[in-house]
Structures are given as structure tokens and as C-alpha cells.
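See structure below.
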Amino acid sequence: MSHDGVRLRAVMRSVVFLTAGALAVTTLAACSSEDESGKPLAGQDIAPVGRDLVADGGTLNWAVDDVPETLNTFQSDADDATTRVAQAVLPAMFRLDAQGRPQRDADYLESAKVVDTEPKQVVLYKLDQQAVWSDGREIGAADFAAQWRALSGKDSAYWTARNAGYDRIEKIERGANNLEVKVTFSRPYADWKALFSPLYPKDVMGTPDAFNDGARRKLKVTAGAFSLQKVDRKDKEIVLARNPHWWGRPAKLSQLVLHAVPLDKRAAALADGTVDLAEIDPADASRISLAGRAKGTSTPLQGASPTGKDENKNESRQKKKLSKKERKALAKYLRQQDELRAFTVRRSLEPAYTQLALNGSEGPLADERVRRAVARALDRTELAKVVLKPLGLPAVPVGSHLALSGQAAYADNSGALGDHDTAEAQALLADAGWVPGGPLKDKGEKAAGSESKKGKKSDDDAESEGGSDGQYIVGEDNKDPQDHTKKHDKASGRGGDEGSKHLADGKQYDGRKVKQGGAPGAYAPKGTAAPAGAKTGPLAKDGKPLTLRFVLPSGTGSESLSAVADSISRMLEKVGIRTEITKVSDDSYFKDHIASGQYDLALYSWPASAYPATDARPIFAKPVPAADGSLNVEQNYTRVGTDQVDQLFDQAASTLDQDESAALVRKADARIWAAAGSIPLYQRPQLTAARRTVVNAGSFGFQTPVYEDMGFLKKGAHPSASPTKD
């Protein structure tokens, strides 16, 4: 996950309707409040200490998902590891603070400001006089110009993923001296601070070949606290070494090694000493917390005494009942628990949120009234509690599509749609013609959801639905749930164990970050009765029942999404909307369902940006017909958009007054809420296991990590008792 917005811009290239423009006008008038942005819901948790308490030297081993395919953050296959390398070894003109707001990086910039607005916007960068590349050359206008030409979109030979912002630059030239760079824009650009972060040397950006291939596997020239020592694909690691030519505060660590470790292998990697720092899921977080308690309480055996007095006796008694293989596995687990006592869990919230997406391109959800009914049926606070309350994190629903609490553009605009109101949801459905107990056509005819319109399901869908537990439609409680599971018996031996994959936004599914037991409901064992209190008469229209296809990933760590989906299904059932939950493989989930529109409801996440006018526009842009007759949706996978929202984004991106730009972004967000194409639910949890001696590292929240301050605590020193507060 990017914490400086760079990765977000790299990945958001390649995740309103009818009366939306007339709604909630009075709500928009409130956008002038000075404190609307609030504070981050959770602060950093990084064991902060002063540099004088950090030991000199040492190697910090940090888990990443994989060795990156490219080291060029501006290419489409860049990932989180790409961003971490870039943050540590390359210049950035601006980085994010703990509130997700851009701040000048004083190691590279003495100043950067708009010096002219008429006739053109001109930004003058004054570089630090010590800022040099590792080959000794000064960082200067030639590097800025090369990056602009590569990313401007004017030369198709450069395989760039996106050119937002760079396409507005008219020229770049040297200022009064070598330390000054003048950037002139052809039209005003509010998000100019997003540019040149990171900044690559002209050696990388200067030619298409160097850009496309030269920086994929190595970076010969760098300018950061660390330098790239090697990329070892055989051992699946990237080694960064302290840069002896760095002019800023020297890195405390001698080396920073990024190890590729799958999520489900991280507890073992922590226990065997492979890594010192790793993002983990709640199951491993609980395991580490348990290991940190008094010795003897970490055994997972049933019947062990919670008082700690009879653990050995109970453990011995139960071991006799285990097979040799089970005893061996238990012994391994207990050895790992002993090693995990050296770790602690650092908790915060990611700068990303999970949403419920409603596909408005066809079927019942093409009607804005039905989408709004779905939204009004949801108790978003309760949904946030499903994921966040067990982790001890603030269970506060997200109030904006375009920013998170603490960021300049944040305001809770959910009032443009309305609060949870079951009666109002039912009224909206009735107004749309969906009535209870309506006559239904024969079972062989198509139902209302988009699934039925697509015809026969793919083998991948059929085999993944329900795994070994089967499936039933929530709300159809007047029939035997087994009737719905018999047709899936052929799938009972397959449970979708594919590893967690990345969404188009560069982030893993929420399930990858949160792992906990699913709530009873839509995915229940065969023979389980439908929830009590369900409607006996389904809503119907034109002889078709109102059933929405709810598509979810089935891979490792997707339990939290299932739990949230179950809760959503029960809430919708109360207003007469039935949901059919379908689990598909992670590989198929986004490509074959979300991006292609083969769903009615879905859960996925978007990262927050410090530059929403630029970065969020493709996510909410009104789809337009392409030359070949297809629909160009950019990253608006709900297919819901309006001209007015597009215009507000354009105005916000072209307004140099920061307050006015933020107000326009908030207005756009209120219109997006009113259209009900997507419903923000909760900010994603961020759990990091850290060796207890590791300081200035952990769950960073919004802030860009300060790599030169990371390290190990000196003997006898003590970190702060609590995470920093902002």
C-alpha cells in the first residue's frame, strides 16, 4: 500500500444517475466547516523513539507479498514492493504526513511553490544543494524534463500506465541556477504536488528502452537513504544497503531486506527468524498476542485450564489422544509459539476503505431507487463492527468515497443518501414496482439478477460456489436449503485455496488483511435453516423475484468478506431483497466478474489519495461508448456516473485555491453518494507483527515510512508506551 500517493497513481490506471444531481443540495452547503476533515481514526503504531535510542547497524528483514516484476512505479505491473523500494532509494518532492497530507521533503527540496498563475501556472522548485545522484551528478532540471516527456502521453513508445498531471505540463526549464527548476503548465493543475514523487534519473526516463526495460530489474543510479544492492529472484528477496553518499540523516540500519513471504506463511517466517516485520491477518495477530502471555497459556488444546494451573496435565492427557502426525504438528506449533513471544502486534488503519459495489449497468440495480433501497437497508456501523471491533480498532463507517478522516478533502457526505432506514428502503422498492407476494413465472424462466441474464455459469463459478458447505439464497426460507445445495454437490471437494491476489488498485482483497470466523447466514452448512424472521413472500416484479447475485473471492484469508457479506444479506432480507452469494477463485474474481460487470453486488477496496481530484476521477467517471461500440468504464466498475460529477472533478483539479478545490471534491462526493453506485463501509485494518526490539516501524497508517530512522532499540532503552497521536 502506498503511503505517499505514488503507488496509488501508478495503479489507478490500467477500481451519477437519474435525480442524483437534484438531491441533497442543502447538505452541500455545509461543506465550509473548518473541522470537517477531522482526525485519523487511528494513529500510527510504530514504537516511535528518537534516533539517539536506535542502535547503529543491523539488518531488518521485512515481509512483502512478492519480489516485484518491475522497479518502475509508473508501469502497470508495479506493486507494493515496488513502492517500498522507490521510497527508500529515490527522491520524492512530497511525502505524506500522519494525516495523509503532502509535505515537502526537506532532504530534496528547499522550497516548492506556485510563483505565477497568469498567463500560465508556474511552479518553482528549489532543490537542496547537496541533492545528488549516486553517480555524483546533481539532481536537476534534466531529470524533471525527462520524466515529464516519458509520462506526458505524447510518445506511445513509453509503456506508461498513466499520465495524469504530466499531460498538463507545457515546458520545464532551468531556473536562475542549477538548483532551480521551473515547471510551466498549459492549464491550471491543483494537484501539482503529486508530480515527481518519486523522481527517476534521466538515465531511466530518457529513452523508451530504458523506461520500458532498463528499470524493471535494477536501478543503477539512486538518491536515497538506501541504495539497491541486489534483486535475488531465486531466494525471493531484495537487499537495500545504507547509502554512504546520502547527505541526509544516515540510515540507522546497515541493510533493509525485503523477503517475499505469502500471508499464510508469515507466522512461521516470524517464528524461524526469516523476518522481523510483517503485515499479518487477525488470526496470526491473535496467535502472537496469545504467545505473549504467560508461558503455558499458548496451547490450542480444548479443555486447557484458563487459569494456567493445569496446562501441563491437560496437555499430556490430550496428547495421548492424538496421532503421531498430530503430535508432531502440535509440537511444531508450540515451538513456534515460544519464538513468537519475541513479537508484538502493532495496530492501525490502512489508508484504504472497503465498499459495497452495486452494478448499475443492468437488472434491478439499473434503477436508482433500488440502489438507494439497498443503501438505506444497510447499517454501516454494524458492518464496520464485524471487521474492526474484534481487533480493538474504531468501528466508524467511512463517510466519503474520496478521502478518509483526517485528510483535507474529507467530510461525511453520507447524508446525501440518508441513514439506515428499513421503512424508507421498502418504500423505495415499492415505488420501483417491487411488491411482496407477486406472481412468479415458472422456475425455468430467468430471475431478476444479472447472473440469470448472463446465462450459464462458468465452471469456475459453479465449482467455487459454497466450497464444501454449499449455498442457499438468503430470503428464500420457505424452501429446504438443501434444495439449493444439491446442485452444487459436485463442488463439495473444492474450496478455492488460491492465494490472495491483487485488485486493480494494487491492494489485496480485504480478506487477505482480515481473517476471522464468518457469521452464520448466506453461507451455511447443508441443512441449515434460513435466518429467523425472513419474509415469506419474496418481492417480485413482472413475474421475476428480486434476487441479487453477490460475488465474493474464495481464496485464503477471505473470511472477513464472507462475514460482512452475510451481514449485508441479512439486512437486505429484512426489506425483501434476496441475495445469492457466489464464491469464485481469486484469479477470476476481479478479471472475470468485477471488471467485466458480471455481478450485482461485490465487496472490494480502494486506497485513499492525497490527490482525489486526479486519482479518484477514473473510479467515478461516467462511462462513455467507445468507438467499437463497447462501454469505456475506466475504473468505474459500478457503471454509475454523471456529467455533473465529472465536471466537479475537472473543476477541482483546475482550481489552485486549496480550500476551494477541497470543497469541490466534497460536492462531487455528495453527488456520488446520492447516486448510490457504491457504498463506503469501513477503513481497512492494518496489523503488523514486529520484533519487540524493532522501532520506528510497524503500522504506519497514512504516513510515508521514514526509512532512515528504522532500526533496533539500543539495549536498556525503551520505546514510547503508546502509538503517536496526531
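By order of appearance in the C-alpha cells: chains A, B, ..., then residues from 1 within every chain, and ligands from 1 in the order shown.
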> Among range 65-162 of chain A, which ones does DSSP place in strand (DSSP E or B), written as a PyMOL selection string?
Replying inline: chain A and resi 94-96+102-104+109-116+122-127+132+138
Dump of C-alpha atoms for the selected residues, as an mmCIF file, in the first residue's frame:
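again-v5.cif, freshly written:
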```cif
data_model
loop_
_atom_site.group_PDB
_atom_site.id
_atom_site.type_symbol
_atom_site.label_atom_id
_atom_site.label_comp_id
_atom_site.auth_asym_id
_atom_site.auth_seq_id
_atom_site.Cartn_x
_atom_site.Cartn_y
_atom_site.Cartn_z
ATOM 1 C CA PHE A 94 6.492 15.490 -1.338
ATOM 2 C CA ARG A 95 5.592 12.691 1.069
ATOM 3 C CA LEU A 96 2.522 12.148 3.206
ATOM 4 C CA PRO A 102 1.516 16.074 1.337
ATOM 5 C CA GLN A 103 4.546 17.679 2.972
ATOM 6 C CA ARG A 104 7.761 18.923 1.349
ATOM 7 C CA LEU A 109 13.567 20.497 -1.609
ATOM 8 C CA GLU A 110 14.359 23.835 -0.028
ATOM 9 C CA SER A 111 11.037 25.092 -1.353
ATOM 10 C CA ALA A 112 8.371 24.472 -3.979
ATOM 11 C CA LYS A 113 5.563 26.893 -4.707
ATOM 12 C CA VAL A 114 3.364 28.419 -7.364
ATOM 13 C CA VAL A 115 5.111 31.641 -8.408
ATOM 14 C CA ASP A 116 2.808 32.638 -11.299
ATOM 15 C CA VAL A 122 4.383 28.214 -12.960
ATOM 16 C CA VAL A 123 5.830 26.159 -10.111
ATOM 17 C CA LEU A 124 9.367 26.873 -8.980
ATOM 18 C CA TYR A 125 11.296 24.070 -7.297
ATOM 19 C CA LYS A 126 14.425 24.991 -5.351
ATOM 20 C CA LEU A 127 16.470 21.859 -4.758
ATOM 21 C CA VAL A 132 22.961 14.360 -5.947
ATOM 22 C CA GLU A 138 23.371 16.899 -9.374
#
```
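Separating CA of Ile581 in chain A from CA of Leu546 in chain A is a distance of 13.9 Å.
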> What's the 6 Å shell around range 645-661 of chain A, counting only C-alpha atoms, without same-chain residues fewer than 2 positions away, as an MDAnalysis selection string?
Replying inline: chainID A and resid 188:190 613 621 642:643 663:664 668
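Taking only C-alpha atoms into account, Glu362 in chain A lies nearest to A:Asp600 out of the set A:Glu180, A:Asp167, A:Asp566, A:Asp600.
The two atoms in question, CA of Leu358 in chain A and CA of Ala375 in chain A, are spaced 9.4 Å apart.
Shortest atom-to-atom contact with Gly360 in chain A among A:Arg376, A:Arg233, A:Arg639, A:Arg692: A:Arg639, counting only C-alpha atoms.
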For Phe550 in chain A: contacts at 8 Å, only C-alpha atoms, fewer than 4 positions along chain excluded, given as a CSV table (one decimal) with N, CA, C and O atoms, in the first residue's frame:
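Output contents, as saved in result.csv:
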```csv
chain,number,residue,atom,x,y,z
A,565,ALA,N,-20.4,-10.0,4.0
A,565,ALA,CA,-21.5,-10.3,3.0
A,565,ALA,C,-22.7,-11.0,3.7
A,565,ALA,O,-23.8,-10.7,3.4
A,579,THR,N,-30.5,-12.4,-1.8
A,579,THR,CA,-29.1,-12.4,-2.3
A,579,THR,C,-28.6,-13.8,-2.5
A,579,THR,O,-28.9,-14.7,-1.7
A,580,GLU,N,-28.0,-14.1,-3.6
A,580,GLU,CA,-27.4,-15.4,-3.9
A,580,GLU,C,-25.9,-15.2,-3.9
A,580,GLU,O,-25.3,-14.5,-4.8
A,581,ILE,N,-25.2,-15.6,-2.8
A,581,ILE,CA,-23.8,-15.4,-2.7
A,581,ILE,C,-23.1,-16.5,-3.5
A,581,ILE,O,-23.3,-17.7,-3.4
A,582,THR,N,-22.2,-16.0,-4.3
A,582,THR,CA,-21.4,-16.9,-5.2
A,582,THR,C,-19.9,-16.6,-4.9
A,582,THR,O,-19.4,-15.5,-5.0
A,599,TYR,N,-21.7,-9.2,-12.1
A,599,TYR,CA,-22.1,-9.3,-10.7
A,599,TYR,C,-23.2,-8.2,-10.5
A,599,TYR,O,-23.5,-7.4,-11.3
A,600,ASP,N,-23.9,-8.4,-9.4
A,600,ASP,CA,-24.9,-7.4,-8.9
A,600,ASP,C,-24.3,-6.6,-7.7
A,600,ASP,O,-24.3,-5.4,-7.7
A,601,LEU,N,-23.8,-7.4,-6.7
A,601,LEU,CA,-23.2,-6.8,-5.5
A,601,LEU,C,-21.8,-7.4,-5.4
A,601,LEU,O,-21.6,-8.6,-5.7
A,602,ALA,N,-20.8,-6.6,-4.9
A,602,ALA,CA,-19.5,-7.1,-4.7
A,602,ALA,C,-18.8,-6.3,-3.6
A,602,ALA,O,-19.2,-5.1,-3.4
```
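Here CA of Ala670 in chain A and CA of Gly433 in chain A stand 26.6 Å from one another.
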